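Please read the structure below before turning to the comments.
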Amino acid sequence: KKGLFISPGLGKSMGENEMKNAVLVSYSVSKWSNIRTDKKVSREVAEKYGIDTSDGSYKKRLIDSPLYKAITDAGQLGRDDYYSYTSPWSKGIAVCSVNALDVLTDKIESAKTAFNDAVDAFVAEWPELVEARRVKFGDLFKAGDYPTGSEVRAKFGIDFNVMPLDRDGHFDDIAEIVGTEVAQELAAKLSEQQTKQWAGAAKSAWTKLYSALKHAHDSLSKGQRLHGSSLDNLQELSDLLPVLNIANDPELDNRRRELNSLLRMYSIQSVQDKATRSKCAAEVHDIMAKINL
């Protein structure tokens with residue numbers, strides 16, 4: 001029997017139409033670790049001061065180069081974009097609107113290019129970087145801590161994967177193995193699990209909006225110095241909300257429209273005035289008050 005996967009209430013509780021417009025994505029960065037624990041030095045220190053090695057250890061930064069930081073920064077740039085355009089789903093997995101997938105993919109590819117360029121530059125200087133540490137560390141230098149250039153290159157990478165949110169007929173396939181009744185039970189469990197995950201992912205957009213509004217409200221209310229980025233960040237979030245609103249929640253869209261209206265009324269220059277600042281803070285609070293997390 002086909003259609004076994006679709007259980008009663010699944011489409012309604014999860015928003016079947018919305019789910020068709022979403023995919024699951026994952027992002028991971030692998031790097032050669034630049035930190036090593038020197039067990040010999042750690043033991044010597046422990047013996048000298050009469051403590052156990054579990055109480056502390058001596059760690060070495062194996063390479064001292066801005067090129068390594070450039071690699072880290074490029075990987076983090078991709079991760080920041082990944083978090084900006086997605087909502088949490090499960091450990092290591094996020095949900096992304098298909099409307100945002102092209103933009104997110106382009107941004108990830110840009111980050112990967114910067115990452116790989118930085119890695120290539122790092123590997124090109126690898127022999128010189130290792131030799132510099134040999135001179136710097138002296139007796140603390142351990143050749144075994146340093147792989148070859150090709151080996152260290154293989155330890156760097158960025159993986160971005162796109163997966164379907166579900167697969168029609170999946171439990172039809174396994175029903176032939178475990179039986180229809182067991183397959184139906186599994187389908188019901190998956191339905192319940194995904195309903196919770198979908199609700200959590202949908203709530204994530206509300207949480208991001210509330211956090212951004214609260215940060216702005218606190219800054220405005222406490223008289224802290226406001227930077228241009230304060231309002232820019234709100235605008236960036238407002239621009240992202242349509243793709244973060246995976247459930248097509250009209251109330252979330254209403255809050256976005258209210259935020260856009262507020263951003264059109266106030267500038268970073270205008271809120272330097274105390275009275276205007278207070279009025280802006282009150283209007284931000286009005287939007288926050290309509291959010292029930």
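Each chain in the structure tokens gets a letter, A, B, ..., in the order shown, and its residues are numbered from 1; ligands are numbered from 1 in order too.
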
Please identify the alpha helix (DSSP H) residues within segment 61-286 of chain A (assignment by DSSP from backbone atoms) and present them as a count of residues only.
162

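Residues in contact range of Val103 of chain A, defined as at most 12 Å between only C-alpha atoms, with sequence neighbours fewer than 3 positions away removed, read A:Asp81, A:Tyr82, A:Ser84, A:Tyr85, A:Thr86, A:Cys96, A:Ser97, A:Val98, A:Asn99, A:Ala100, A:Asp106, A:Lys107, A:Ile108, A:Glu109, A:Ser110, A:Leu240, A:Val243.
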
Resulting file, chosen residues, all heavy atoms, as a short mmCIF file (atom, residue, chain, number, x, y, z; two decimals), in the first residue's frame:
data_model
loop_
_atom_site.label_atom_id
_atom_site.label_comp_id
_atom_site.auth_asym_id
_atom_site.auth_seq_id
_atom_site.Cartn_x
_atom_site.Cartn_y
_atom_site.Cartn_z
N ASP A 81 26.70 32.93 8.18
CA ASP A 81 25.67 32.98 7.14
C ASP A 81 24.72 31.80 7.28
O ASP A 81 23.50 31.95 7.11
CB ASP A 81 26.32 32.96 5.76
CG ASP A 81 27.00 34.28 5.42
OD1 ASP A 81 26.53 35.33 5.89
OD2 ASP A 81 28.02 34.25 4.69
N TYR A 82 25.26 30.64 7.60
CA TYR A 82 24.45 29.44 7.79
C TYR A 82 23.41 29.65 8.90
O TYR A 82 22.23 29.35 8.73
CB TYR A 82 25.38 28.29 8.14
CG TYR A 82 24.71 27.00 8.54
CD1 TYR A 82 24.12 26.16 7.60
CD2 TYR A 82 24.71 26.60 9.88
CE1 TYR A 82 23.54 24.97 7.97
CE2 TYR A 82 24.12 25.40 10.26
CZ TYR A 82 23.54 24.58 9.31
OH TYR A 82 22.96 23.40 9.68
N SER A 84 22.36 32.55 9.99
CA SER A 84 21.48 33.67 9.65
C SER A 84 20.30 33.23 8.79
O SER A 84 19.19 33.73 8.94
CB SER A 84 22.26 34.77 8.92
OG SER A 84 23.22 35.37 9.77
N TYR A 85 20.54 32.30 7.89
CA TYR A 85 19.52 31.92 6.90
C TYR A 85 18.77 30.65 7.26
O TYR A 85 17.92 30.20 6.49
CB TYR A 85 20.17 31.74 5.53
CG TYR A 85 20.47 33.05 4.84
CD1 TYR A 85 21.65 33.74 5.10
CD2 TYR A 85 19.58 33.60 3.93
CE1 TYR A 85 21.94 34.95 4.48
CE2 TYR A 85 19.84 34.81 3.31
CZ TYR A 85 21.03 35.47 3.58
OH TYR A 85 21.29 36.67 2.96
N THR A 86 19.04 30.08 8.42
CA THR A 86 18.39 28.82 8.78
C THR A 86 17.82 28.88 10.19
O THR A 86 18.08 29.81 10.95
CB THR A 86 19.38 27.64 8.73
OG1 THR A 86 20.42 27.84 9.71
CG2 THR A 86 20.02 27.52 7.36
N CYS A 96 15.98 25.08 6.22
CA CYS A 96 16.16 26.28 5.39
C CYS A 96 15.03 26.37 4.38
O CYS A 96 14.66 25.37 3.74
CB CYS A 96 17.51 26.20 4.66
SG CYS A 96 17.84 27.57 3.54
N SER A 97 14.47 27.55 4.21
CA SER A 97 13.47 27.78 3.18
C SER A 97 14.12 27.63 1.81
O SER A 97 15.25 28.08 1.59
CB SER A 97 12.88 29.18 3.34
OG SER A 97 12.17 29.57 2.17
N VAL A 98 13.40 27.01 0.87
CA VAL A 98 13.97 26.86 -0.47
C VAL A 98 14.17 28.23 -1.12
O VAL A 98 15.01 28.38 -2.01
CB VAL A 98 13.09 25.96 -1.36
CG1 VAL A 98 13.07 24.53 -0.85
CG2 VAL A 98 11.66 26.51 -1.46
N ASN A 99 13.41 29.22 -0.66
CA ASN A 99 13.56 30.57 -1.20
C ASN A 99 14.90 31.19 -0.82
O ASN A 99 15.36 32.13 -1.47
CB ASN A 99 12.43 31.47 -0.71
CG ASN A 99 11.08 31.04 -1.25
OD1 ASN A 99 10.99 30.55 -2.37
ND2 ASN A 99 10.03 31.20 -0.45
N ALA A 100 15.48 30.69 0.26
CA ALA A 100 16.77 31.22 0.73
C ALA A 100 17.94 30.34 0.33
O ALA A 100 19.09 30.72 0.51
CB ALA A 100 16.75 31.38 2.25
N ASP A 106 25.24 30.37 -2.31
CA ASP A 106 26.23 31.31 -2.86
C ASP A 106 27.15 31.84 -1.77
O ASP A 106 28.38 31.97 -1.97
CB ASP A 106 25.53 32.47 -3.56
CG ASP A 106 24.91 32.06 -4.89
OD1 ASP A 106 25.25 30.98 -5.40
OD2 ASP A 106 24.06 32.82 -5.41
N LYS A 107 26.57 32.16 -0.61
CA LYS A 107 27.38 32.69 0.48
C LYS A 107 28.33 31.63 1.03
O LYS A 107 29.49 31.92 1.35
CB LYS A 107 26.46 33.22 1.60
CG LYS A 107 25.76 34.53 1.24
CD LYS A 107 24.90 35.04 2.38
CE LYS A 107 24.31 36.40 2.05
NZ LYS A 107 25.35 37.45 1.98
N ILE A 108 27.85 30.39 1.12
CA ILE A 108 28.71 29.31 1.59
C ILE A 108 29.84 29.06 0.59
O ILE A 108 31.00 28.86 0.99
CB ILE A 108 27.90 28.01 1.79
CG1 ILE A 108 26.86 28.19 2.91
CG2 ILE A 108 28.84 26.85 2.13
CD1 ILE A 108 27.42 28.46 4.27
N GLU A 109 29.53 29.11 -0.70
CA GLU A 109 30.56 28.92 -1.72
C GLU A 109 31.61 30.02 -1.65
O GLU A 109 32.80 29.78 -1.84
CB GLU A 109 29.92 28.87 -3.11
CG GLU A 109 29.18 27.58 -3.41
CD GLU A 109 30.07 26.36 -3.31
OE1 GLU A 109 31.23 26.43 -3.80
OE2 GLU A 109 29.62 25.35 -2.73
N SER A 110 31.15 31.25 -1.38
CA SER A 110 32.08 32.36 -1.23
C SER A 110 33.00 32.14 -0.03
O SER A 110 34.22 32.39 -0.10
CB SER A 110 31.30 33.68 -1.07
OG SER A 110 32.18 34.77 -0.88
N LEU A 240 15.69 39.34 6.54
CA LEU A 240 15.80 37.89 6.55
C LEU A 240 14.52 37.19 7.02
O LEU A 240 14.31 36.02 6.73
CB LEU A 240 16.96 37.44 7.44
CG LEU A 240 18.36 37.56 6.86
CD1 LEU A 240 19.40 37.27 7.94
CD2 LEU A 240 18.55 36.61 5.69
N VAL A 243 12.34 34.72 4.87
CA VAL A 243 12.82 33.36 4.61
C VAL A 243 12.96 32.55 5.90
O VAL A 243 12.96 31.32 5.87
CB VAL A 243 14.17 33.37 3.85
CG1 VAL A 243 14.00 33.97 2.49
CG2 VAL A 243 15.25 34.09 4.63
#

Expected answer as number ranges by chain: strand (DSSP E or B) residues in segment 20-229 of chain A:
A: 22-30, 35-37, 59-61, 87-90, 93-97, 157-164

Save out the residues we just selected, C-alpha atoms, as a short mmCIF file (atom, residue, chain, number, x, y, z; two decimals), in the first residue's frame.
data_model
loop_
_atom_site.label_atom_id
_atom_site.label_comp_id
_atom_site.auth_asym_id
_atom_site.auth_seq_id
_atom_site.Cartn_x
_atom_site.Cartn_y
_atom_site.Cartn_z
CA ALA A 22 11.87 23.73 3.11
CA VAL A 23 14.96 21.52 3.14
CA LEU A 24 17.39 20.33 5.77
CA VAL A 25 20.97 21.57 5.62
CA SER A 26 24.19 20.98 7.53
CA TYR A 27 27.45 22.91 7.73
CA SER A 28 30.73 21.76 9.18
CA VAL A 29 34.33 22.94 9.18
CA SER A 30 37.31 20.66 9.65
CA ILE A 35 47.11 23.41 19.80
CA ARG A 36 48.94 20.48 21.39
CA THR A 37 49.33 19.46 24.99
CA LYS A 59 49.60 23.64 25.80
CA LYS A 60 51.62 24.83 22.80
CA ARG A 61 50.44 26.84 19.82
CA SER A 87 16.52 27.69 11.87
CA PRO A 88 17.65 24.89 14.20
CA TRP A 89 16.23 21.43 13.51
CA SER A 90 18.33 18.85 15.36
CA ILE A 93 21.06 19.99 11.23
CA ALA A 94 19.07 23.12 10.36
CA VAL A 95 15.99 23.81 8.26
CA CYS A 96 16.16 26.28 5.39
CA SER A 97 13.47 27.78 3.18
CA GLY A 157 37.66 21.50 4.60
CA ILE A 158 34.11 22.87 4.60
CA ASP A 159 31.10 20.61 4.04
CA PHE A 160 27.67 21.99 3.20
CA ASN A 161 24.94 19.43 2.60
CA VAL A 162 21.31 19.76 1.52
CA MET A 163 18.83 17.01 2.34
CA PRO A 164 15.08 16.56 1.83
#

I'd like the contact shell of Ala282 of chain A - 12 Å cut-off, only C-alpha atoms, skipping same-chain residues fewer than 2 positions apart - returned as a ChimeraX atom specification.
/A:213-214,216-218,220-221,262,275-280,284-289

Asp64 of chain A proximity check over A:Ala199, A:Lys20, A:Gly92, A:Glu128, using only C-alpha atoms: winner is A:Glu128

Nearest candidate to Leu67 of chain A (options A:Asn116, A:Thr207, A:Asn233, A:Asn248; using only C-alpha atoms):
A:Asn116

Distance query Arg43 of chain A at most 12 Å, only C-alpha atoms, self and fewer than 2 positions along chain excluded, as an MDAnalysis selection string:
chainID A and resid 37:41 45:58

Just-selected residues, all heavy atoms written as a short mmCIF file (atom, residue, chain, number, x, y, z; two decimals), in the first residue's frame:
data_model
loop_
_atom_site.label_atom_id
_atom_site.label_comp_id
_atom_site.auth_asym_id
_atom_site.auth_seq_id
_atom_site.Cartn_x
_atom_site.Cartn_y
_atom_site.Cartn_z
N THR A 37 48.93 19.55 23.59
CA THR A 37 49.33 19.46 24.99
C THR A 37 50.66 18.75 25.08
O THR A 37 50.83 17.65 24.54
CB THR A 37 48.28 18.68 25.81
OG1 THR A 37 47.03 19.37 25.77
CG2 THR A 37 48.73 18.53 27.27
N ASP A 38 51.63 19.38 25.72
CA ASP A 38 52.95 18.77 25.90
C ASP A 38 52.90 17.98 27.21
O ASP A 38 52.98 18.55 28.31
CB ASP A 38 54.04 19.85 25.96
CG ASP A 38 55.44 19.26 25.86
OD1 ASP A 38 55.69 18.26 26.56
OD2 ASP A 38 56.26 19.81 25.10
N LYS A 39 52.76 16.69 27.09
CA LYS A 39 52.60 15.84 28.28
C LYS A 39 53.87 15.82 29.13
O LYS A 39 53.79 15.76 30.36
CB LYS A 39 52.22 14.42 27.85
CG LYS A 39 50.86 14.34 27.17
CD LYS A 39 50.51 12.89 26.81
CE LYS A 39 49.14 12.81 26.16
NZ LYS A 39 48.78 11.43 25.79
N LYS A 40 55.02 15.86 28.47
CA LYS A 40 56.28 15.82 29.22
C LYS A 40 56.42 17.05 30.10
O LYS A 40 56.71 16.94 31.30
CB LYS A 40 57.46 15.74 28.25
CG LYS A 40 58.83 15.69 28.92
CD LYS A 40 59.92 15.49 27.89
CE LYS A 40 61.30 15.43 28.54
NZ LYS A 40 61.67 16.72 29.18
N VAL A 41 56.19 18.23 29.53
CA VAL A 41 56.29 19.47 30.31
C VAL A 41 55.21 19.49 31.38
O VAL A 41 55.45 19.93 32.52
CB VAL A 41 56.17 20.69 29.39
CG1 VAL A 41 56.13 21.98 30.22
CG2 VAL A 41 57.32 20.74 28.39
N VAL A 45 55.99 19.97 35.38
CA VAL A 45 55.40 21.04 36.20
C VAL A 45 54.65 20.44 37.38
O VAL A 45 54.74 20.94 38.52
CB VAL A 45 54.45 21.91 35.34
CG1 VAL A 45 53.67 22.89 36.22
CG2 VAL A 45 55.23 22.66 34.27
N ALA A 46 53.91 19.36 37.11
CA ALA A 46 53.14 18.71 38.19
C ALA A 46 54.08 18.18 39.28
O ALA A 46 53.83 18.34 40.47
CB ALA A 46 52.29 17.58 37.61
N GLU A 47 55.18 17.57 38.87
CA GLU A 47 56.14 17.04 39.84
C GLU A 47 56.82 18.16 40.63
O GLU A 47 57.03 18.05 41.84
CB GLU A 47 57.21 16.21 39.11
CG GLU A 47 56.67 14.91 38.53
CD GLU A 47 57.69 14.21 37.64
OE1 GLU A 47 58.81 14.75 37.52
OE2 GLU A 47 57.37 13.15 37.09
N LYS A 48 57.13 19.25 39.93
CA LYS A 48 57.81 20.37 40.60
C LYS A 48 56.94 20.98 41.69
O LYS A 48 57.43 21.34 42.77
CB LYS A 48 58.18 21.42 39.57
CG LYS A 48 58.85 22.66 40.17
CD LYS A 48 59.24 23.66 39.10
CE LYS A 48 59.90 24.89 39.72
NZ LYS A 48 60.30 25.89 38.68
N TYR A 49 55.65 21.09 41.42
CA TYR A 49 54.75 21.76 42.38
C TYR A 49 53.91 20.78 43.20
O TYR A 49 53.03 21.20 43.95
CB TYR A 49 53.84 22.74 41.64
CG TYR A 49 54.60 23.92 41.08
CD1 TYR A 49 55.02 23.95 39.76
CD2 TYR A 49 54.92 25.01 41.90
CE1 TYR A 49 55.74 25.03 39.24
CE2 TYR A 49 55.63 26.09 41.39
CZ TYR A 49 56.03 26.10 40.08
OH TYR A 49 56.75 27.17 39.58
N GLY A 50 54.17 19.50 43.04
CA GLY A 50 53.49 18.50 43.86
C GLY A 50 52.00 18.41 43.59
O GLY A 50 51.20 18.24 44.52
N ILE A 51 51.60 18.52 42.32
CA ILE A 51 50.19 18.40 41.96
C ILE A 51 50.02 17.28 40.95
O ILE A 51 50.99 16.72 40.45
CB ILE A 51 49.63 19.71 41.36
CG1 ILE A 51 50.40 20.09 40.09
CG2 ILE A 51 49.70 20.84 42.39
CD1 ILE A 51 49.84 21.29 39.36
N ASP A 52 48.78 16.95 40.66
CA ASP A 52 48.49 15.90 39.69
C ASP A 52 48.38 16.51 38.30
O ASP A 52 47.96 17.66 38.15
CB ASP A 52 47.18 15.20 40.06
CG ASP A 52 46.99 13.92 39.26
OD1 ASP A 52 47.43 12.86 39.71
OD2 ASP A 52 46.38 14.01 38.17
N THR A 53 48.74 15.75 37.28
CA THR A 53 48.66 16.27 35.92
C THR A 53 47.22 16.60 35.52
O THR A 53 47.00 17.40 34.61
CB THR A 53 49.22 15.24 34.91
OG1 THR A 53 48.58 13.98 35.11
CG2 THR A 53 50.72 15.07 35.09
N SER A 54 46.25 16.02 36.21
CA SER A 54 44.85 16.32 35.90
C SER A 54 44.46 17.73 36.37
O SER A 54 43.41 18.25 35.99
CB SER A 54 43.93 15.29 36.55
OG SER A 54 44.04 15.33 37.97
N ASP A 55 45.32 18.34 37.19
CA ASP A 55 45.03 19.69 37.69
C ASP A 55 45.44 20.79 36.71
O ASP A 55 45.11 21.96 36.91
CB ASP A 55 45.74 19.92 39.03
CG ASP A 55 45.19 19.03 40.13
OD1 ASP A 55 43.96 18.81 40.14
OD2 ASP A 55 45.98 18.55 40.95
N GLY A 56 46.16 20.42 35.69
CA GLY A 56 46.57 21.43 34.73
C GLY A 56 47.49 20.82 33.68
O GLY A 56 48.00 19.71 33.85
N SER A 57 47.66 21.55 32.58
CA SER A 57 48.53 21.04 31.52
C SER A 57 49.17 22.20 30.76
O SER A 57 48.68 23.34 30.82
CB SER A 57 47.73 20.16 30.55
OG SER A 57 46.68 20.90 29.95
N TYR A 58 50.23 21.88 30.05
CA TYR A 58 50.93 22.90 29.26
C TYR A 58 50.57 22.70 27.79
O TYR A 58 50.79 21.63 27.22
CB TYR A 58 52.45 22.77 29.44
CG TYR A 58 53.22 23.75 28.61
CD1 TYR A 58 53.31 25.09 28.97
CD2 TYR A 58 53.84 23.34 27.42
CE1 TYR A 58 54.00 26.00 28.18
CE2 TYR A 58 54.55 24.24 26.63
CZ TYR A 58 54.62 25.58 27.02
OH TYR A 58 55.29 26.47 26.24
#

Write out as a ChimeraX atom specification each polymer residue whose atoms come within 12 Å of Val119 of chain A, counting only C-alpha atoms; drop sequence neighbours fewer than 6 positions from it.
/A:30-32,65-75,112-113,125-126,149-150,152-158

Of the listed residues A:Tyr83, A:Trp206, A:Phe122, A:Trp198, that which approaches Arg256 of chain A most closely, counting only C-alpha atoms:
A:Trp206
